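A.B. asks: run23.pdb is reproduced below (PDB, C-alpha atoms).
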ATOM      1  CA  MET A   1       4.278 -23.531  -3.634
ATOM      2  CA  SER A   2       6.717 -26.316  -2.877
ATOM      3  CA  SER A   3       6.341 -25.759   0.857
ATOM      4  CA  ALA A   4       2.682 -26.785   0.573
ATOM      5  CA  ASN A   5       3.745 -30.388  -0.011
ATOM      6  CA  ALA A   6       5.174 -30.495   3.529
ATOM      7  CA  LYS A   7       1.754 -29.771   5.034
ATOM      8  CA  THR A   8      -0.062 -32.722   6.550
ATOM      9  CA  TYR A   9      -3.791 -32.337   5.925
ATOM     10  CA  GLU A  10      -6.354 -33.528   8.427
ATOM     11  CA  ALA A  11      -8.971 -35.969   7.184
ATOM     12  CA  CYS A  12     -11.933 -33.949   5.895
ATOM     13  CA  PRO A  13     -14.697 -34.806   3.394
ATOM     14  CA  ALA A  14     -14.114 -33.271  -0.036
ATOM     15  CA  THR A  15     -16.117 -30.060  -0.274
ATOM     16  CA  ARG A  16     -17.061 -27.759  -3.144
ATOM     17  CA  VAL A  17     -15.443 -24.421  -2.358
ATOM     18  CA  ALA A  18     -14.674 -21.138  -4.080
ATOM     19  CA  PHE A  19     -11.769 -18.807  -3.396
ATOM     20  CA  LEU A  20     -11.995 -15.112  -4.329
ATOM     21  CA  GLY A  21      -8.734 -13.174  -4.536
ATOM     22  CA  LEU A  22      -5.413 -14.723  -5.510
ATOM     23  CA  GLY A  23      -2.924 -12.268  -4.068
ATOM     24  CA  VAL A  24       0.179 -13.174  -2.082
ATOM     25  CA  MET A  25      -2.042 -14.683   0.619
ATOM     26  CA  GLY A  26      -4.986 -16.050  -1.347
ATOM     27  CA  TYR A  27      -2.952 -17.866  -4.000
ATOM     28  CA  PRO A  28      -1.293 -20.329  -1.589
ATOM     29  CA  MET A  29      -4.369 -20.531   0.657
ATOM     30  CA  ALA A  30      -6.482 -21.685  -2.279
ATOM     31  CA  GLY A  31      -3.680 -24.052  -3.214
ATOM     32  CA  HIS A  32      -3.808 -25.749   0.167
ATOM     33  CA  LEU A  33      -7.551 -26.275  -0.231
ATOM     34  CA  ALA A  34      -6.920 -28.003  -3.572
ATOM     35  CA  LEU A  35      -4.048 -30.089  -2.228
ATOM     36  CA  ALA A  36      -6.265 -31.189   0.666
ATOM     37  CA  GLY A  37      -8.657 -32.694  -1.879
ATOM     38  CA  HIS A  38     -11.395 -30.072  -2.080
ATOM     39  CA  GLN A  39     -13.015 -29.053  -5.369
ATOM     40  CA  VAL A  40     -11.892 -25.448  -5.796
ATOM     41  CA  THR A  41     -13.189 -22.756  -8.130
ATOM     42  CA  VAL A  42     -11.098 -19.578  -8.047
ATOM     43  CA  TYR A  43     -11.795 -16.002  -9.059
ATOM     44  CA  ASN A  44      -9.359 -13.133  -9.379
ATOM     45  CA  ARG A  45      -9.946  -9.661 -10.800
ATOM     46  CA  THR A  46      -7.015 -10.258 -13.160
ATOM     47  CA  ALA A  47      -8.019 -13.460 -14.953
ATOM     48  CA  SER A  48      -4.446 -14.384 -15.864
ATOM     49  CA  LYS A  49      -3.795 -15.036 -12.155
ATOM     50  CA  SER A  50      -6.678 -17.519 -12.061
ATOM     51  CA  ILE A  51      -5.375 -19.263 -15.172
ATOM     52  CA  ALA A  52      -1.885 -19.484 -13.674
ATOM     53  CA  TRP A  53      -3.287 -20.882 -10.417
ATOM     54  CA  CYS A  54      -5.182 -23.615 -12.268
ATOM     55  CA  ALA A  55      -2.016 -24.492 -14.183
ATOM     56  CA  ASP A  56      -0.024 -24.732 -10.956
ATOM     57  CA  PHE A  57      -2.530 -27.004  -9.282
ATOM     58  CA  THR A  58      -3.324 -29.372 -12.143
ATOM     59  CA  ARG A  59       0.277 -30.348 -12.903
ATOM     60  CA  ALA A  60       2.373 -32.667 -10.724
ATOM     61  CA  GLY A  61       0.326 -35.761 -11.457
ATOM     62  CA  GLY A  62      -2.972 -34.073 -12.201
ATOM     63  CA  THR A  63      -4.406 -34.915  -8.790
ATOM     64  CA  ILE A  64      -6.359 -31.673  -8.660
ATOM     65  CA  ALA A  65      -8.114 -31.783 -12.022
ATOM     66  CA  SER A  66     -11.387 -30.690 -10.394
ATOM     67  CA  SER A  67      -9.993 -27.175  -9.816
ATOM     68  CA  THR A  68     -11.187 -24.476 -12.193
ATOM     69  CA  TYR A  69     -11.715 -20.720 -12.426
ATOM     70  CA  ALA A  70     -14.683 -18.405 -12.919
ATOM     71  CA  GLU A  71     -15.035 -15.053 -14.656
ATOM     72  CA  THR A  72     -17.109 -13.442 -11.881
ATOM     73  CA  PRO A  73     -17.523 -13.942  -8.118
ATOM     74  CA  ARG A  74     -21.133 -14.957  -8.739
ATOM     75  CA  GLN A  75     -20.074 -17.757 -11.084
ATOM     76  CA  ALA A  76     -17.438 -18.937  -8.631
ATOM     77  CA  ALA A  77     -20.006 -19.151  -5.830
ATOM     78  CA  LEU A  78     -22.796 -20.911  -7.757
ATOM     79  CA  HIS A  79     -22.164 -24.492  -6.666
ATOM     80  CA  ALA A  80     -19.937 -23.890  -3.643
ATOM     81  CA  ASP A  81     -20.812 -24.839  -0.079
ATOM     82  CA  ILE A  82     -18.122 -22.484   1.254
ATOM     83  CA  ILE A  83     -16.816 -19.309  -0.392
ATOM     84  CA  PHE A  84     -13.463 -18.110   0.937
ATOM     85  CA  CYS A  85     -12.322 -14.553   0.192
ATOM     86  CA  CYS A  86      -9.081 -12.634   0.674
ATOM     87  CA  VAL A  87      -8.962  -9.190  -0.968
ATOM     88  CA  GLY A  88      -7.561  -5.761  -0.131
ATOM     89  CA  ASN A  89      -9.995  -3.669   1.902
ATOM     90  CA  ASP A  90     -13.647  -2.888   2.679
ATOM     91  CA  ASP A  91     -14.406  -1.594  -0.806
ATOM     92  CA  ASP A  92     -12.805  -4.604  -2.494
ATOM     93  CA  LEU A  93     -14.786  -6.902  -0.227
ATOM     94  CA  ARG A  94     -18.068  -5.224  -1.117
ATOM     95  CA  CYS A  95     -17.175  -5.464  -4.819
ATOM     96  CA  VAL A  96     -16.720  -9.246  -4.749
ATOM     97  CA  ALA A  97     -19.623  -9.932  -2.362
ATOM     98  CA  LEU A  98     -22.378  -7.597  -3.551
ATOM     99  CA  GLY A  99     -24.109  -6.594  -6.801
ATOM    100  CA  THR A 100     -25.526  -8.686  -9.620
ATOM    101  CA  GLU A 101     -22.180 -10.387 -10.262
ATOM    102  CA  GLY A 102     -21.126 -10.592  -6.617
ATOM    103  CA  ALA A 103     -20.787 -13.830  -4.714
ATOM    104  CA  PHE A 104     -23.911 -13.283  -2.592
ATOM    105  CA  ALA A 105     -26.002 -13.300  -5.788
ATOM    106  CA  GLY A 106     -24.738 -16.760  -6.683
ATOM    107  CA  MET A 107     -24.659 -18.446  -3.282
ATOM    108  CA  LYS A 108     -27.129 -21.242  -2.632
ATOM    109  CA  PRO A 109     -29.226 -21.208   0.550
ATOM    110  CA  GLY A 110     -27.174 -22.162   3.590
ATOM    111  CA  ALA A 111     -23.785 -21.573   1.926
ATOM    112  CA  VAL A 112     -21.115 -19.828   4.020
ATOM    113  CA  PHE A 113     -18.984 -16.841   2.958
ATOM    114  CA  VAL A 114     -15.709 -16.762   4.910
ATOM    115  CA  ASP A 115     -13.837 -13.471   4.623
ATOM    116  CA  HIS A 116     -10.098 -13.512   5.311
ATOM    117  CA  THR A 117      -9.605  -9.856   4.332
ATOM    118  CA  THR A 118      -8.299  -7.575   7.063
ATOM    119  CA  ALA A 119     -11.233  -5.172   6.995
ATOM    120  CA  SER A 120     -13.338  -3.130   9.394
ATOM    121  CA  ALA A 121     -15.603  -4.667  11.992
ATOM    122  CA  SER A 122     -18.405  -2.505  10.624
ATOM    123  CA  VAL A 123     -18.255  -4.029   7.120
ATOM    124  CA  ALA A 124     -18.232  -7.491   8.692
ATOM    125  CA  ARG A 125     -21.421  -6.689  10.584
ATOM    126  CA  GLU A 126     -22.938  -5.117   7.475
ATOM    127  CA  LEU A 127     -22.312  -8.171   5.302
ATOM    128  CA  HIS A 128     -23.378 -10.543   8.064
ATOM    129  CA  ALA A 129     -26.749  -8.786   8.244
ATOM    130  CA  LEU A 130     -27.185  -8.827   4.454
ATOM    131  CA  ALA A 131     -26.254 -12.501   4.293
ATOM    132  CA  ASP A 132     -28.791 -13.316   6.998
ATOM    133  CA  GLU A 133     -31.540 -11.640   4.948
ATOM    134  CA  LEU A 134     -30.585 -13.815   1.950
ATOM    135  CA  GLY A 135     -30.571 -17.100   3.875
ATOM    136  CA  ILE A 136     -26.801 -17.487   3.656
ATOM    137  CA  HIS A 137     -24.016 -17.095   6.231
ATOM    138  CA  PHE A 138     -21.048 -14.767   6.721
ATOM    139  CA  VAL A 139     -17.985 -15.321   8.922
ATOM    140  CA  ASP A 140     -15.296 -12.650   9.304
ATOM    141  CA  ALA A 141     -11.988 -14.487   9.574
ATOM    142  CA  PRO A 142      -8.859 -12.319   9.199
ATOM    143  CA  VAL A 143      -5.535 -14.111   9.394
ATOM    144  CA  SER A 144      -2.115 -13.675  10.971
ATOM    145  CA  GLY A 145       1.106 -15.329   9.875
ATOM    146  CA  GLY A 146       1.981 -13.403   6.733
ATOM    147  CA  GLN A 147       2.977 -14.736   3.349
ATOM    148  CA  ALA A 148       5.147 -17.467   4.866
ATOM    149  CA  GLY A 149       2.231 -18.661   6.989
ATOM    150  CA  ALA A 150      -0.005 -18.808   3.927
ATOM    151  CA  GLN A 151       2.582 -20.717   1.908
ATOM    152  CA  ASN A 152       3.212 -23.200   4.708
ATOM    153  CA  GLY A 153      -0.469 -23.628   5.551
ATOM    154  CA  MET A 154       0.171 -22.390   9.096
ATOM    155  CA  LEU A 155      -2.022 -19.302   9.443
ATOM    156  CA  THR A 156      -3.779 -18.230  12.628
ATOM    157  CA  VAL A 157      -7.414 -17.434  11.796
ATOM    158  CA  MET A 158      -9.567 -15.231  14.068
ATOM    159  CA  CYS A 159     -13.302 -15.659  13.433
ATOM    160  CA  GLY A 160     -16.504 -13.804  14.211
ATOM    161  CA  GLY A 161     -19.982 -15.128  13.460
ATOM    162  CA  GLU A 162     -22.486 -17.809  14.346
ATOM    163  CA  GLN A 163     -21.354 -21.081  15.886
ATOM    164  CA  ALA A 164     -23.209 -23.238  13.347
ATOM    165  CA  ALA A 165     -21.613 -21.478  10.359
ATOM    166  CA  PHE A 166     -18.176 -21.649  11.976
ATOM    167  CA  ASP A 167     -18.576 -25.368  12.651
ATOM    168  CA  ARG A 168     -19.320 -25.977   8.964
ATOM    169  CA  VAL A 169     -16.124 -24.297   7.761
ATOM    170  CA  HIS A 170     -13.633 -25.145  10.510
ATOM    171  CA  ALA A 171     -12.318 -28.472   9.221
ATOM    172  CA  VAL A 172     -12.004 -27.183   5.636
ATOM    173  CA  GLY A 173     -10.222 -24.001   6.729
ATOM    174  CA  MET A 174      -7.652 -26.031   8.637
ATOM    175  CA  ALA A 175      -6.129 -26.904   5.236
ATOM    176  CA  PHE A 176      -4.233 -23.595   5.409
ATOM    177  CA  SER A 177      -4.277 -22.986   9.167
ATOM    178  CA  ARG A 178      -2.662 -24.067  12.403
ATOM    179  CA  ALA A 179      -5.437 -22.425  14.447
ATOM    180  CA  PHE A 180      -8.968 -21.548  13.312
ATOM    181  CA  THR A 181     -10.881 -20.110  16.258
ATOM    182  CA  LEU A 182     -14.305 -18.533  16.849
ATOM    183  CA  LEU A 183     -13.927 -15.516  19.141
ATOM    184  CA  GLY A 184     -17.452 -14.138  19.244
ATOM    185  CA  GLU A 185     -20.267 -12.709  17.191
ATOM    186  CA  SER A 186     -19.936 -10.954  13.848
ATOM    187  CA  GLY A 187     -17.012  -8.496  13.850
ATOM    188  CA  ALA A 188     -15.103 -10.263  16.633
ATOM    189  CA  GLY A 189     -12.585 -11.680  14.173
ATOM    190  CA  GLN A 190     -11.739  -8.257  12.788
ATOM    191  CA  LEU A 191     -11.477  -6.785  16.284
ATOM    192  CA  ALA A 192      -9.084  -9.567  17.304
ATOM    193  CA  LYS A 193      -6.940  -8.851  14.238
ATOM    194  CA  MET A 194      -6.779  -5.217  15.356
ATOM    195  CA  VAL A 195      -5.484  -6.375  18.745
ATOM    196  CA  ASN A 196      -2.864  -8.402  16.865
ATOM    197  CA  GLN A 197      -1.714  -5.378  14.870
ATOM    198  CA  ILE A 198      -1.528  -3.162  17.963
ATOM    199  CA  CYS A 199       0.802  -5.711  19.552
ATOM    200  CA  ILE A 200       2.998  -5.916  16.452
ATOM    201  CA  ALA A 201       3.299  -2.139  16.055
ATOM    202  CA  GLY A 202       4.617  -1.684  19.579
ATOM    203  CA  LEU A 203       6.948  -4.679  19.380
ATOM    204  CA  VAL A 204       8.573  -3.606  16.127
ATOM    205  CA  GLN A 205       9.162  -0.065  17.374
ATOM    206  CA  GLY A 206      10.679  -1.376  20.599
ATOM    207  CA  LEU A 207      12.936  -3.772  18.681
ATOM    208  CA  SER A 208      13.982  -0.965  16.338
ATOM    209  CA  GLU A 209      14.978   1.284  19.215
ATOM    210  CA  ALA A 210      16.826  -1.544  20.960
ATOM    211  CA  ILE A 211      18.894  -2.427  17.885
ATOM    212  CA  ALA A 212      19.646   1.228  17.122
ATOM    213  CA  PHE A 213      20.697   1.800  20.733
ATOM    214  CA  GLY A 214      22.949  -1.266  20.750
ATOM    215  CA  GLU A 215      24.638  -0.218  17.520
ATOM    216  CA  CYS A 216      25.277   3.284  18.883
ATOM    217  CA  ALA A 217      26.818   1.625  21.943
ATOM    218  CA  GLY A 218      29.208  -0.355  19.742
ATOM    219  CA  LEU A 219      27.737  -3.795  20.453
ATOM    220  CA  ASP A 220      27.716  -6.736  18.055
ATOM    221  CA  MET A 221      23.955  -6.774  17.694
ATOM    222  CA  ASN A 222      23.736 -10.179  16.042
ATOM    223  CA  GLN A 223      25.449 -11.635  19.091
ATOM    224  CA  VAL A 224      23.289  -9.588  21.453
ATOM    225  CA  LEU A 225      20.099 -10.795  19.734
ATOM    226  CA  ASP A 226      21.256 -14.401  20.087
ATOM    227  CA  VAL A 227      21.697 -13.880  23.811
ATOM    228  CA  ILE A 228      18.599 -11.865  24.693
ATOM    229  CA  GLY A 229      16.483 -14.004  22.385
ATOM    230  CA  LYS A 230      16.831 -16.764  24.980
ATOM    231  CA  GLY A 231      15.332 -14.567  27.699
ATOM    232  CA  ALA A 232      12.282 -12.476  28.467
ATOM    233  CA  ALA A 233      12.821 -10.147  25.483
ATOM    234  CA  GLN A 234      12.229 -12.976  22.992
ATOM    235  CA  SER A 235       9.461 -12.475  20.411
ATOM    236  CA  TRP A 236       8.503 -13.616  16.922
ATOM    237  CA  GLN A 237       9.674 -10.250  15.624
ATOM    238  CA  MET A 238      13.092 -10.644  17.247
ATOM    239  CA  ASP A 239      13.481 -14.226  15.992
ATOM    240  CA  ASN A 240      12.376 -13.494  12.427
ATOM    241  CA  ARG A 241      13.261  -9.853  11.848
ATOM    242  CA  GLY A 242      16.020  -8.880  14.279
ATOM    243  CA  LYS A 243      19.027  -9.886  12.165
ATOM    244  CA  THR A 244      17.528  -8.640   8.900
ATOM    245  CA  MET A 245      17.014  -5.291  10.627
ATOM    246  CA  VAL A 246      20.689  -5.273  11.595
ATOM    247  CA  ALA A 247      21.559  -6.088   7.966
ATOM    248  CA  GLY A 248      19.245  -3.385   6.611
ATOM    249  CA  LYS A 249      17.191  -5.829   4.530
ATOM    250  CA  PHE A 250      13.502  -5.005   4.074
ATOM    251  CA  ASP A 251      12.513  -6.189   0.588
ATOM    252  CA  PHE A 252      10.154  -8.932   1.792
ATOM    253  CA  GLY A 253       7.369  -9.566   4.272
ATOM    254  CA  PHE A 254       4.357  -7.482   5.308
ATOM    255  CA  ALA A 255       4.448  -4.121   3.543
ATOM    256  CA  VAL A 256       4.354  -0.781   5.337
ATOM    257  CA  ASP A 257       1.403   0.288   3.145
ATOM    258  CA  TRP A 258      -0.581  -2.707   4.395
ATOM    259  CA  MET A 259       0.300  -2.000   8.010
ATOM    260  CA  ARG A 260      -0.823   1.608   7.688
ATOM    261  CA  LYS A 261      -4.125   0.393   6.245
ATOM    262  CA  ASP A 262      -4.537  -1.932   9.211
ATOM    263  CA  LEU A 263      -3.573   0.707  11.772
ATOM    264  CA  GLY A 264      -6.066   3.082  10.159
ATOM    265  CA  LEU A 265      -8.766   0.501  10.898
ATOM    266  CA  VAL A 266      -7.471   0.184  14.464
ATOM    267  CA  LEU A 267      -7.471   3.914  15.125
ATOM    268  CA  GLY A 268     -10.912   4.320  13.532
ATOM    269  CA  GLU A 269     -12.352   1.606  15.768
ATOM    270  CA  ALA A 270     -10.653   3.153  18.812
ATOM    271  CA  LYS A 271     -12.483   6.420  18.139
ATOM    272  CA  ARG A 272     -15.759   4.498  18.210
ATOM    273  CA  ASN A 273     -15.104   2.393  21.308
ATOM    274  CA  GLY A 274     -13.142   4.948  23.340
ATOM    275  CA  ALA A 275      -9.886   2.977  23.610
ATOM    276  CA  ARG A 276      -6.757   5.063  24.191
ATOM    277  CA  LEU A 277      -3.890   4.039  21.894
ATOM    278  CA  PRO A 278      -1.107   6.631  22.257
ATOM    279  CA  VAL A 279       1.751   4.295  21.257
ATOM    280  CA  THR A 280      -0.149   2.854  18.295
ATOM    281  CA  ALA A 281      -1.009   6.330  17.008
ATOM    282  CA  LEU A 282       2.636   7.375  17.309
ATOM    283  CA  VAL A 283       3.929   4.275  15.508
ATOM    284  CA  ASP A 284       1.385   4.864  12.747
ATOM    285  CA  GLN A 285       2.998   8.266  12.177
ATOM    286  CA  PHE A 286       6.436   6.652  12.210
ATOM    287  CA  TYR A 287       5.250   4.368   9.418
ATOM    288  CA  ALA A 288       4.112   7.484   7.541
ATOM    289  CA  ASP A 289       7.719   8.686   7.819
ATOM    290  CA  VAL A 290       8.922   5.398   6.302
ATOM    291  CA  GLN A 291       6.458   5.826   3.430
ATOM    292  CA  ALA A 292       7.866   9.317   2.833
ATOM    293  CA  MET A 293      11.326   7.726   2.611
ATOM    294  CA  GLY A 294      10.100   5.544  -0.261
ATOM    295  CA  GLY A 295       9.455   2.487   1.885
ATOM    296  CA  GLN A 296       5.844   1.828   0.983
ATOM    297  CA  ARG A 297       6.567  -1.799   0.094
ATOM    298  CA  TRP A 298       9.304  -2.427   2.643
ATOM    299  CA  ASP A 299       8.633  -4.898   5.439
ATOM    300  CA  THR A 300       7.213  -3.422   8.647
ATOM    301  CA  SER A 301      10.589  -3.988  10.341
ATOM    302  CA  SER A 302      11.861  -1.019   8.297
ATOM    303  CA  LEU A 303      10.796   1.218  11.191
ATOM    304  CA  ILE A 304      14.457   1.102  12.172
ATOM    305  CA  LYS A 305      15.340   3.139   9.036
ATOM    306  CA  ARG A 306      14.015   6.236  10.814
ATOM    307  CA  LEU A 307      16.611   5.797  13.529
ATOM    308  CA  LYS A 308      19.723   5.480  11.351
TER     309      LYS A 308
END
Please render this file's structure as structure tokens.
C.D. replies:
Amino acid sequence: MSSANAKTYEACPATRVAFLGLGVMGYPMAGHLALAGHQVTVYNRTASKSIAWCADFTRAGGTIASSTYAETPRQAALHADIIFCCVGNDDDLRCVALGTEGAFAGMKPGAVFVDHTTASASVARELHALADELGIHFVDAPVSGGQAGAQNGMLTVMCGGEQAAFDRVHAVGMAFSRAFTLLGESGAGQLAKMVNQICIAGLVQGLSEAIAFGECAGLDMNQVLDVIGKGAAQSWQMDNRGKTMVAGKFDFGFAVDWMRKDLGLVLGEAKRNGARLPVTALVDQFYADVQAMGGQRWDTSSLIKRLK
């Protein structure tokens, strides 16, 4: 995580924290917490990942010797003031939070569980209520910014929960964030992440159609993107994915499988709240087409493959 060394960390008292889930997002996020001077205990379902993380963050001068790993979420949470989590889905979240070896069983009174998983608003509310009964706190805090944002410590974090719990975790969470914002009560963070994914789905489809159209018209699309990227059509997707779409490169970034999981959450919530999402539902089916083409792990910009 060489890019982590470029991050400037805000002054923050050293805090005992745990991090559950060392995937492509969690691994660097936990690393930023360690590099910022916090005492980090990590847990991952595959223990070898935890061992590798500890090795990565105790070399280079040994400035992070207080970092260690635990064999269960409960053990990781025992002495932590804040437990951060980033796993795959609702079921994974319940597995690490609940049960005799789950984090909730090990959390001390007043400790805060901060969930960075992109999950449903309903599971956020469920775990918030259970935490309240146990005298602990739960904040749903999904992130945007992708793997690069996690590695650079520049994630955007959308939070739902109580103000007091949010205030306790904000400064610590800024170790891997550029924005860490409370948007409302429990579930608001997950709902905001759904808004984020709706925006992305429509943008990527529009960019795909634009590039495909320009190529059919015989334009030099790299040149066109340079020009229109300075005008009203500019977007993060155009800046970061436009030319790789032209080049047909998709072996990086946010996987189609993950996007379909997220859009499934969006469409499920829309059924409950009555929102009409015709474009989002259509793009979800387009992503199903990409999966059928073998693109389950391609970046979401691979939508353009359907049009070529």
A.B. asks: Which is closest to Ala164 (chain A) among A:Ala150, A:Leu182, A:Leu207, A:Met221, if we use all atoms listed in the file?
C.D. replies: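 Closest residue, counting all atoms listed in the file: A:Leu182.
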A.B. asks: Starting from the displayed file, determine the output of the PyMOL selection byres ((chain A and resi 115) around 7) and express the residue list as a list in words.
C.D. replies: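 For this structure, the PyMOL selection byres ((chain A and resi 115) around 7) captures Phe84, Cys85, Cys86, Phe113, Val114, His116, Thr117, Val139, Asp140, Ala141 and Pro142 of chain A.
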A.B. asks: Box in all listed atoms of region 174-178 of chain A, axis-aligned, with 6 Å more on each side; write out centre and edge lengths in Å to one decimal as AutoDock Vina command-line options.
C.D. replies:
--center_x -5.2 --center_y -24.9 --center_z 8.8 --size_x 17.0 --size_y 15.9 --size_z 19.2
A.B. asks: Just so the selection is clear, what residues does the PyMOL selection byres ((chain A and resi 124-134) around 10) cover here, as an MDAnalysis selection string?
C.D. replies: chainID A and resid 90 93:94 97:98 104:105 107:113 115 117 119:123 135:141 160:162 185:190
A.B. asks: Out of A:Asp262, A:Met245, A:Ala270, A:Val283, which residue has the shortest atom-to-atom distance to Glu215 (chain A) when counting all atoms listed in the file?
C.D. replies: A:Met245
A.B. asks: Quick check, in Å to one decimal: how far apart do CA of Gly21 (chain A) and CA of Gln75 (chain A) lie?
C.D. replies: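 CA of Gln75 (chain A) lies at a distance of 13.9 Å from CA of Gly21 (chain A).
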A.B. asks: Provide the CA of Gln296 (chain A) to CA of Leu20 (chain A) distance in Å, to one decimal place.
C.D. replies: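 So the two atoms, CA of Gln296 (chain A) and CA of Leu20 (chain A), lie 25.2 Å apart.
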A.B. asks: N, CA, C and O atoms for region 129-141 of chain A, written as a CSV table (one decimal), in the coordinates of the input, could you do that?
C.D. replies:
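The resulting file, selection32.csv, is shown below:
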chain,number,residue,atom,x,y,z
A,129,ALA,N,-25.3,-9.1,8.2
A,129,ALA,CA,-26.7,-8.8,8.2
A,129,ALA,C,-27.4,-9.0,6.9
A,129,ALA,O,-28.5,-9.6,6.8
A,130,LEU,N,-26.7,-8.6,5.8
A,130,LEU,CA,-27.2,-8.8,4.5
A,130,LEU,C,-27.3,-10.3,4.1
A,130,LEU,O,-28.2,-10.8,3.5
A,131,ALA,N,-26.2,-11.1,4.5
A,131,ALA,CA,-26.3,-12.5,4.3
A,131,ALA,C,-27.4,-13.2,5.0
A,131,ALA,O,-28.1,-14.0,4.4
A,132,ASP,N,-27.7,-12.7,6.2
A,132,ASP,CA,-28.8,-13.3,7.0
A,132,ASP,C,-30.1,-13.1,6.3
A,132,ASP,O,-31.0,-14.0,6.2
A,133,GLU,N,-30.3,-11.9,5.7
A,133,GLU,CA,-31.5,-11.6,4.9
A,133,GLU,C,-31.7,-12.5,3.7
A,133,GLU,O,-32.8,-12.9,3.3
A,134,LEU,N,-30.6,-13.0,3.2
A,134,LEU,CA,-30.6,-13.8,2.0
A,134,LEU,C,-30.6,-15.3,2.3
A,134,LEU,O,-30.6,-16.1,1.3
A,135,GLY,N,-30.6,-15.7,3.5
A,135,GLY,CA,-30.6,-17.1,3.9
A,135,GLY,C,-29.2,-17.8,3.7
A,135,GLY,O,-29.1,-19.0,3.5
A,136,ILE,N,-28.2,-17.0,3.7
A,136,ILE,CA,-26.8,-17.5,3.7
A,136,ILE,C,-26.1,-17.0,4.9
A,136,ILE,O,-26.6,-16.4,5.8
A,137,HIS,N,-24.8,-17.4,5.0
A,137,HIS,CA,-24.0,-17.1,6.2
A,137,HIS,C,-22.7,-16.4,5.9
A,137,HIS,O,-22.1,-16.5,4.8
A,138,PHE,N,-22.3,-15.5,6.9
A,138,PHE,CA,-21.0,-14.8,6.7
A,138,PHE,C,-20.2,-14.9,8.0
A,138,PHE,O,-20.7,-14.7,9.1
A,139,VAL,N,-18.9,-15.2,7.8
A,139,VAL,CA,-18.0,-15.3,8.9
A,139,VAL,C,-16.8,-14.4,8.6
A,139,VAL,O,-16.2,-14.5,7.5
A,140,ASP,N,-16.5,-13.4,9.5
A,140,ASP,CA,-15.3,-12.6,9.3
A,140,ASP,C,-14.2,-13.4,9.9
A,140,ASP,O,-14.2,-13.9,11.1
A,141,ALA,N,-13.1,-13.6,9.2
A,141,ALA,CA,-12.0,-14.5,9.6
A,141,ALA,C,-10.6,-14.0,9.1
A,141,ALA,O,-9.9,-14.7,8.4
